file model07.pdb (PDB, C-alpha atoms)
ATOM      1  CA  MET Z   1      20.820  14.981 -77.424  1.00  0.00           C
ATOM      2  CA  ARG Z   2      20.149  12.550 -74.617  1.00  0.00           C
ATOM      3  CA  GLY Z   3      23.325  13.528 -72.753  1.00  0.00           C
ATOM      4  CA  VAL Z   4      22.475  17.223 -72.945  1.00  0.00           C
ATOM      5  CA  ASN Z   5      19.013  16.636 -71.511  1.00  0.00           C
ATOM      6  CA  ALA Z   6      20.414  14.506 -68.660  1.00  0.00           C
ATOM      7  CA  ASP Z   7      23.026  17.160 -67.836  1.00  0.00           C
ATOM      8  CA  SER Z   8      20.461  19.951 -67.795  1.00  0.00           C
ATOM      9  CA  GLN Z   9      18.182  17.790 -65.640  1.00  0.00           C
ATOM     10  CA  ARG Z  10      21.051  17.258 -63.180  1.00  0.00           C
ATOM     11  CA  VAL Z  11      21.747  21.014 -63.063  1.00  0.00           C
ATOM     12  CA  MET Z  12      18.057  21.724 -62.455  1.00  0.00           C
ATOM     13  CA  THR Z  13      17.997  19.153 -59.661  1.00  0.00           C
ATOM     14  CA  HIS Z  14      21.043  20.672 -57.945  1.00  0.00           C
ATOM     15  CA  THR Z  15      19.587  24.154 -58.347  1.00  0.00           C
ATOM     16  CA  ALA Z  16      16.277  22.998 -56.878  1.00  0.00           C
ATOM     17  CA  VAL Z  17      18.023  21.420 -53.881  1.00  0.00           C
ATOM     18  CA  LEU Z  18      20.062  24.579 -53.284  1.00  0.00           C
ATOM     19  CA  GLY Z  19      16.887  26.628 -53.444  1.00  0.00           C
ATOM     20  CA  ARG Z  20      15.140  24.372 -50.941  1.00  0.00           C
ATOM     21  CA  VAL Z  21      17.960  24.571 -48.395  1.00  0.00           C
ATOM     22  CA  ALA Z  22      18.441  28.339 -48.752  1.00  0.00           C
ATOM     23  CA  VAL Z  23      16.204  29.216 -45.792  1.00  0.00           C
ATOM     24  CA  PRO Z  24      17.795  26.695 -43.388  1.00  0.00           C
ATOM     25  CA  ALA Z  25      21.222  27.956 -44.529  1.00  0.00           C
ATOM     26  CA  GLY Z  26      20.158  31.534 -43.796  1.00  0.00           C
ATOM     27  CA  VAL Z  27      18.956  30.537 -40.333  1.00  0.00           C
ATOM     28  CA  LEU Z  28      22.277  28.773 -39.713  1.00  0.00           C
ATOM     29  CA  ALA Z  29      24.170  31.913 -40.770  1.00  0.00           C
ATOM     30  CA  ALA Z  30      22.115  34.067 -38.385  1.00  0.00           C
ATOM     31  CA  VAL Z  31      22.543  31.671 -35.450  1.00  0.00           C
ATOM     32  CA  ALA Z  32      26.277  31.275 -36.158  1.00  0.00           C
ATOM     33  CA  GLY Z  33      26.617  35.062 -36.245  1.00  0.00           C
ATOM     34  CA  ALA Z  34      24.817  35.413 -32.912  1.00  0.00           C
ATOM     35  CA  PHE Z  35      26.966  32.719 -31.303  1.00  0.00           C
ATOM     36  CA  ALA Z  36      30.105  34.311 -32.758  1.00  0.00           C
ATOM     37  CA  TYR Z  37      29.145  37.677 -31.264  1.00  0.00           C
ATOM     38  CA  VAL Z  38      28.399  36.194 -27.840  1.00  0.00           C
ATOM     39  CA  GLY Z  39      31.639  34.218 -28.067  1.00  0.00           C
ATOM     40  CA  ALA Z  40      33.614  37.383 -28.818  1.00  0.00           C
ATOM     41  CA  VAL Z  41      31.886  39.767 -26.371  1.00  0.00           C
ATOM     42  CA  ASP Z  42      32.071  38.244 -22.895  1.00  0.00           C
ATOM     43  CA  PRO Z  43      28.757  38.528 -20.984  1.00  0.00           C
ATOM     44  CA  ASN Z  44      30.659  38.030 -17.718  1.00  0.00           C
ATOM     45  CA  GLU Z  45      32.029  41.562 -18.055  1.00  0.00           C
ATOM     46  CA  PRO Z  46      29.456  44.155 -16.986  1.00  0.00           C
ATOM     47  CA  GLY Z  47      28.127  46.712 -19.438  1.00  0.00           C
ATOM     48  CA  HIS Z  48      28.025  44.635 -22.621  1.00  0.00           C
ATOM     49  CA  TYR Z  49      24.483  43.287 -22.344  1.00  0.00           C
ATOM     50  CA  PRO Z  50      21.330  44.468 -20.558  1.00  0.00           C
ATOM     51  CA  VAL Z  51      20.460  42.954 -17.186  1.00  0.00           C
ATOM     52  CA  CYS Z  52      17.425  40.661 -16.960  1.00  0.00           C
ATOM     53  CA  PRO Z  53      14.504  42.886 -15.898  1.00  0.00           C
ATOM     54  CA  LEU Z  54      13.022  40.176 -13.643  1.00  0.00           C
ATOM     55  CA  LEU Z  55      16.344  39.774 -11.837  1.00  0.00           C
ATOM     56  CA  ARG Z  56      16.861  43.538 -11.581  1.00  0.00           C
ATOM     57  CA  TYR Z  57      13.437  44.343 -10.111  1.00  0.00           C
ATOM     58  CA  THR Z  58      12.644  41.213  -8.091  1.00  0.00           C
ATOM     59  CA  GLY Z  59      15.966  39.484  -7.465  1.00  0.00           C
ATOM     60  CA  LEU Z  60      14.531  36.272  -8.953  1.00  0.00           C
ATOM     61  CA  TYR Z  61      16.252  34.290 -11.686  1.00  0.00           C
ATOM     62  CA  CYS Z  62      14.102  33.597 -14.747  1.00  0.00           C
ATOM     63  CA  PRO Z  63      14.600  30.412 -16.810  1.00  0.00           C
ATOM     64  CA  GLY Z  64      16.709  32.404 -19.284  1.00  0.00           C
ATOM     65  CA  CYS Z  65      19.065  33.977 -16.741  1.00  0.00           C
ATOM     66  CA  GLY Z  66      22.595  32.852 -17.489  1.00  0.00           C
ATOM     67  CA  GLY Z  67      21.737  31.999 -21.095  1.00  0.00           C
ATOM     68  CA  LEU Z  68      24.316  34.392 -22.572  1.00  0.00           C
ATOM     69  CA  ARG Z  69      27.005  33.161 -20.181  1.00  0.00           C
ATOM     70  CA  SER Z  70      26.039  29.624 -21.095  1.00  0.00           C
ATOM     71  CA  ALA Z  71      26.314  30.411 -24.818  1.00  0.00           C
ATOM     72  CA  HIS Z  72      29.695  32.093 -24.270  1.00  0.00           C
ATOM     73  CA  ALA Z  73      31.057  29.051 -22.420  1.00  0.00           C
ATOM     74  CA  PHE Z  74      29.517  26.713 -25.016  1.00  0.00           C
ATOM     75  CA  VAL Z  75      31.213  28.570 -27.879  1.00  0.00           C
ATOM     76  CA  HIS Z  76      34.538  28.285 -26.064  1.00  0.00           C
ATOM     77  CA  GLY Z  77      34.055  24.546 -25.529  1.00  0.00           C
ATOM     78  CA  ASP Z  78      33.567  24.748 -21.755  1.00  0.00           C
ATOM     79  CA  LEU Z  79      30.545  22.472 -21.464  1.00  0.00           C
ATOM     80  CA  LEU Z  80      30.591  22.211 -17.653  1.00  0.00           C
ATOM     81  CA  THR Z  81      30.521  25.995 -17.228  1.00  0.00           C
ATOM     82  CA  ALA Z  82      27.789  26.236 -19.856  1.00  0.00           C
ATOM     83  CA  LEU Z  83      25.688  23.663 -17.999  1.00  0.00           C
ATOM     84  CA  GLN Z  84      26.253  25.435 -14.683  1.00  0.00           C
ATOM     85  CA  ALA Z  85      25.231  28.809 -16.133  1.00  0.00           C
ATOM     86  CA  ASN Z  86      21.986  27.492 -17.650  1.00  0.00           C
ATOM     87  CA  ALA Z  87      21.491  23.762 -18.250  1.00  0.00           C
ATOM     88  CA  PRO Z  88      18.160  24.085 -20.119  1.00  0.00           C
ATOM     89  CA  ALA Z  89      19.821  26.512 -22.549  1.00  0.00           C
ATOM     90  CA  VAL Z  90      22.520  23.948 -23.386  1.00  0.00           C
ATOM     91  CA  LEU Z  91      19.850  21.303 -23.932  1.00  0.00           C
ATOM     92  CA  GLY Z  92      18.061  23.833 -26.137  1.00  0.00           C
ATOM     93  CA  TYR Z  93      21.206  24.463 -28.218  1.00  0.00           C
ATOM     94  CA  LEU Z  94      21.651  20.745 -28.785  1.00  0.00           C
ATOM     95  CA  GLY Z  95      17.960  20.182 -29.483  1.00  0.00           C
ATOM     96  CA  LEU Z  96      17.863  23.023 -32.003  1.00  0.00           C
ATOM     97  CA  ALA Z  97      20.970  21.639 -33.720  1.00  0.00           C
ATOM     98  CA  VAL Z  98      19.204  18.287 -34.161  1.00  0.00           C
ATOM     99  CA  LEU Z  99      16.015  20.013 -35.317  1.00  0.00           C
ATOM    100  CA  TRP Z 100      17.988  22.129 -37.823  1.00  0.00           C
ATOM    101  CA  THR Z 101      19.688  19.009 -39.217  1.00  0.00           C
ATOM    102  CA  VAL Z 102      16.332  17.279 -39.699  1.00  0.00           C
ATOM    103  CA  TRP Z 103      15.025  20.452 -41.363  1.00  0.00           C
ATOM    104  CA  VAL Z 104      17.919  20.531 -43.851  1.00  0.00           C
ATOM    105  CA  VAL Z 105      17.565  16.843 -44.751  1.00  0.00           C
ATOM    106  CA  ARG Z 106      13.804  17.112 -45.219  1.00  0.00           C
ATOM    107  CA  SER Z 107      14.153  20.339 -47.219  1.00  0.00           C
ATOM    108  CA  ALA Z 108      16.774  18.802 -49.505  1.00  0.00           C
ATOM    109  CA  ARG Z 109      14.405  15.902 -50.172  1.00  0.00           C
ATOM    110  CA  GLY Z 110      11.544  18.302 -50.902  1.00  0.00           C
ATOM    111  CA  ARG Z 111       9.519  17.421 -47.814  1.00  0.00           C
ATOM    112  CA  PRO Z 112       8.156  19.933 -45.316  1.00  0.00           C
ATOM    113  CA  LEU Z 113       9.325  19.968 -41.715  1.00  0.00           C
ATOM    114  CA  ARG Z 114       6.562  18.850 -39.405  1.00  0.00           C
ATOM    115  CA  ILE Z 115       6.798  19.326 -35.681  1.00  0.00           C
ATOM    116  CA  ASP Z 116       3.767  17.690 -34.142  1.00  0.00           C
ATOM    117  CA  LEU Z 117       4.036  18.542 -30.470  1.00  0.00           C
ATOM    118  CA  GLY Z 118       0.858  17.718 -28.663  1.00  0.00           C
ATOM    119  CA  PRO Z 119      -0.458  19.346 -25.512  1.00  0.00           C
ATOM    120  CA  VAL Z 120       1.247  16.713 -23.345  1.00  0.00           C
ATOM    121  CA  HIS Z 121       4.672  17.602 -24.787  1.00  0.00           C
ATOM    122  CA  LEU Z 122       4.119  21.336 -24.368  1.00  0.00           C
ATOM    123  CA  TRP Z 123       2.777  21.011 -20.819  1.00  0.00           C
ATOM    124  CA  THR Z 124       5.701  18.755 -19.892  1.00  0.00           C
ATOM    125  CA  LEU Z 125       8.217  21.234 -21.275  1.00  0.00           C
ATOM    126  CA  GLY Z 126       6.505  24.137 -19.525  1.00  0.00           C
ATOM    127  CA  THR Z 127       6.347  22.222 -16.243  1.00  0.00           C
ATOM    128  CA  LEU Z 128      10.048  21.331 -16.414  1.00  0.00           C
ATOM    129  CA  LEU Z 129      10.981  24.976 -17.025  1.00  0.00           C
ATOM    130  CA  LEU Z 130       8.722  26.085 -14.178  1.00  0.00           C
ATOM    131  CA  VAL Z 131      10.259  23.544 -11.787  1.00  0.00           C
ATOM    132  CA  PHE Z 132      13.754  24.629 -12.889  1.00  0.00           C
ATOM    133  CA  THR Z 133      12.843  28.279 -12.266  1.00  0.00           C
ATOM    134  CA  VAL Z 134      11.348  27.614  -8.835  1.00  0.00           C
ATOM    135  CA  VAL Z 135      14.196  25.357  -7.683  1.00  0.00           C
ATOM    136  CA  ARG Z 136      16.923  27.770  -8.817  1.00  0.00           C
ATOM    137  CA  ASN Z 137      15.292  30.508  -6.710  1.00  0.00           C
ATOM    138  CA  LEU Z 138      15.003  28.446  -3.522  1.00  0.00           C
ATOM    139  CA  PRO Z 139      17.797  28.433  -0.923  1.00  0.00           C
ATOM    140  CA  PHE Z 140      18.853  24.838  -1.730  1.00  0.00           C
ATOM    141  CA  GLY Z 141      18.890  25.592  -5.472  1.00  0.00           C
ATOM    142  CA  GLY Z 142      21.804  28.005  -5.261  1.00  0.00           C
ATOM    143  CA  TRP Z 143      23.912  25.631  -7.352  1.00  0.00           C
ATOM    144  CA  LEU Z 144      21.601  26.488 -10.291  1.00  0.00           C
ATOM    145  CA  HIS Z 145      22.334  30.231 -10.105  1.00  0.00           C
ATOM    146  CA  PRO Z 146      24.176  31.578 -13.146  1.00  0.00           C
TER     147      PRO Z 146
END

call {"tool": "encode", "arguments": {"input": "model07.pdb", "output": "structure tokens"}}
result
Amino acid sequence: MRGVNADSQRVMTHTAVLGRVAVPAGVLAAVAGAFAYVGAVDPNEPGHYPVCPLLRYTGLYCPGCGGLRSAHAFVHGDLLTALQANAPAVLGYLGLAVLWTVWVVRSARGRPLRIDLGPVHLWTLGTLLLVFTVVRNLPFGGWLHP
């Protein structure tokens, strides 16, 4: 009877691990689907995606402008074009991939994911995005246009 109990315990453990990583797996499926769509439908061709409202009405590039073009280039393995279209977006893709990996490992071990960003981290991130936005809209920041 000992072997039967150990086998059922092993099955319960595997089932528990699969249950704990179900949500991260679902998020991965959604993100992979979004990247697959953007990779298949080229945002460089007009008419496929809506235009940024800030760009349309003011002529100013927001921090997200070029994000779809960046994702399209990233999916196709063209890292330089992706960085030129929107460098913070590429850093965001890579950062979210690391965060997702940590989430899966912690979930599989039965630990919650804790992201303890303090005010300094959030203000720094916001300031960097603001500086990026301002510089890309100045005459000498034309190299940051998507």

call {"tool": "residues_around", "arguments": {"input": "model07.pdb", "residues": "range 19-32 of chain Z", "least_positions_apart": "4", "cutoff": "7 Å", "atoms": "only C-alpha atoms", "output": "tab-separated table (two decimals) with C-alpha atoms, keeping the file's coordinate frame"}}
result
chain	number	residue	atom	x	y	z
Z	15	THR	CA	19.59	24.15	-58.35
Z	36	ALA	CA	30.10	34.31	-32.76
Z	104	VAL	CA	17.92	20.53	-43.85
Z	107	SER	CA	14.15	20.34	-47.22
Z	108	ALA	CA	16.77	18.80	-49.50

call {"tool": "residues_around", "arguments": {"input": "model07.pdb", "residues": "range 61-74 of chain Z", "least_positions_apart": "5", "cutoff": "7 Å", "atoms": "all atoms listed in the file", "output": "PDB file with C-alpha atoms, in the coordinates of the input"}}
result
ATOM      1  CA  PHE Z  35      26.966  32.719 -31.303  1.00  0.00           C
ATOM      2  CA  VAL Z  38      28.399  36.194 -27.840  1.00  0.00           C
ATOM      3  CA  GLY Z  39      31.639  34.218 -28.067  1.00  0.00           C
ATOM      4  CA  ASP Z  42      32.071  38.244 -22.895  1.00  0.00           C
ATOM      5  CA  PRO Z  43      28.757  38.528 -20.984  1.00  0.00           C
ATOM      6  CA  ASN Z  44      30.659  38.030 -17.718  1.00  0.00           C
ATOM      7  CA  CYS Z  52      17.425  40.661 -16.960  1.00  0.00           C
ATOM      8  CA  LEU Z  54      13.022  40.176 -13.643  1.00  0.00           C
ATOM      9  CA  LEU Z  55      16.344  39.774 -11.837  1.00  0.00           C
ATOM     10  CA  LEU Z  79      30.545  22.472 -21.464  1.00  0.00           C
ATOM     11  CA  THR Z  81      30.521  25.995 -17.228  1.00  0.00           C
ATOM     12  CA  ALA Z  82      27.789  26.236 -19.856  1.00  0.00           C
ATOM     13  CA  LEU Z  83      25.688  23.663 -17.999  1.00  0.00           C
ATOM     14  CA  ALA Z  85      25.231  28.809 -16.133  1.00  0.00           C
ATOM     15  CA  ASN Z  86      21.986  27.492 -17.650  1.00  0.00           C
ATOM     16  CA  ALA Z  89      19.821  26.512 -22.549  1.00  0.00           C
ATOM     17  CA  LEU Z 129      10.981  24.976 -17.025  1.00  0.00           C
ATOM     18  CA  THR Z 133      12.843  28.279 -12.266  1.00  0.00           C
ATOM     19  CA  ASN Z 137      15.292  30.508  -6.710  1.00  0.00           C
ATOM     20  CA  PRO Z 146      24.176  31.578 -13.146  1.00  0.00           C
TER      21      PRO Z 146
END

call {"tool": "closest_residue", "arguments": {"input": "model07.pdb", "among": "Z:Leu96, Z:Leu113, Z:Val120, Z:Ala87", "to": "Arg136 in chain Z", "atoms": "all atoms listed in the file"}}
result
Z:Ala87

call {"tool": "closest_residue", "arguments": {"input": "model07.pdb", "among": "Z:Leu99, Z:Asp78, Z:Arg106, Z:Pro88", "to": "Leu128 in chain Z", "atoms": "only C-alpha atoms"}}
result
Z:Pro88

call {"tool": "atom_distance", "arguments": {"input": "model07.pdb", "atom1": "CA of Leu60 in chain Z", "atom2": "CA of His76 in chain Z"}}
result
27.5 Å
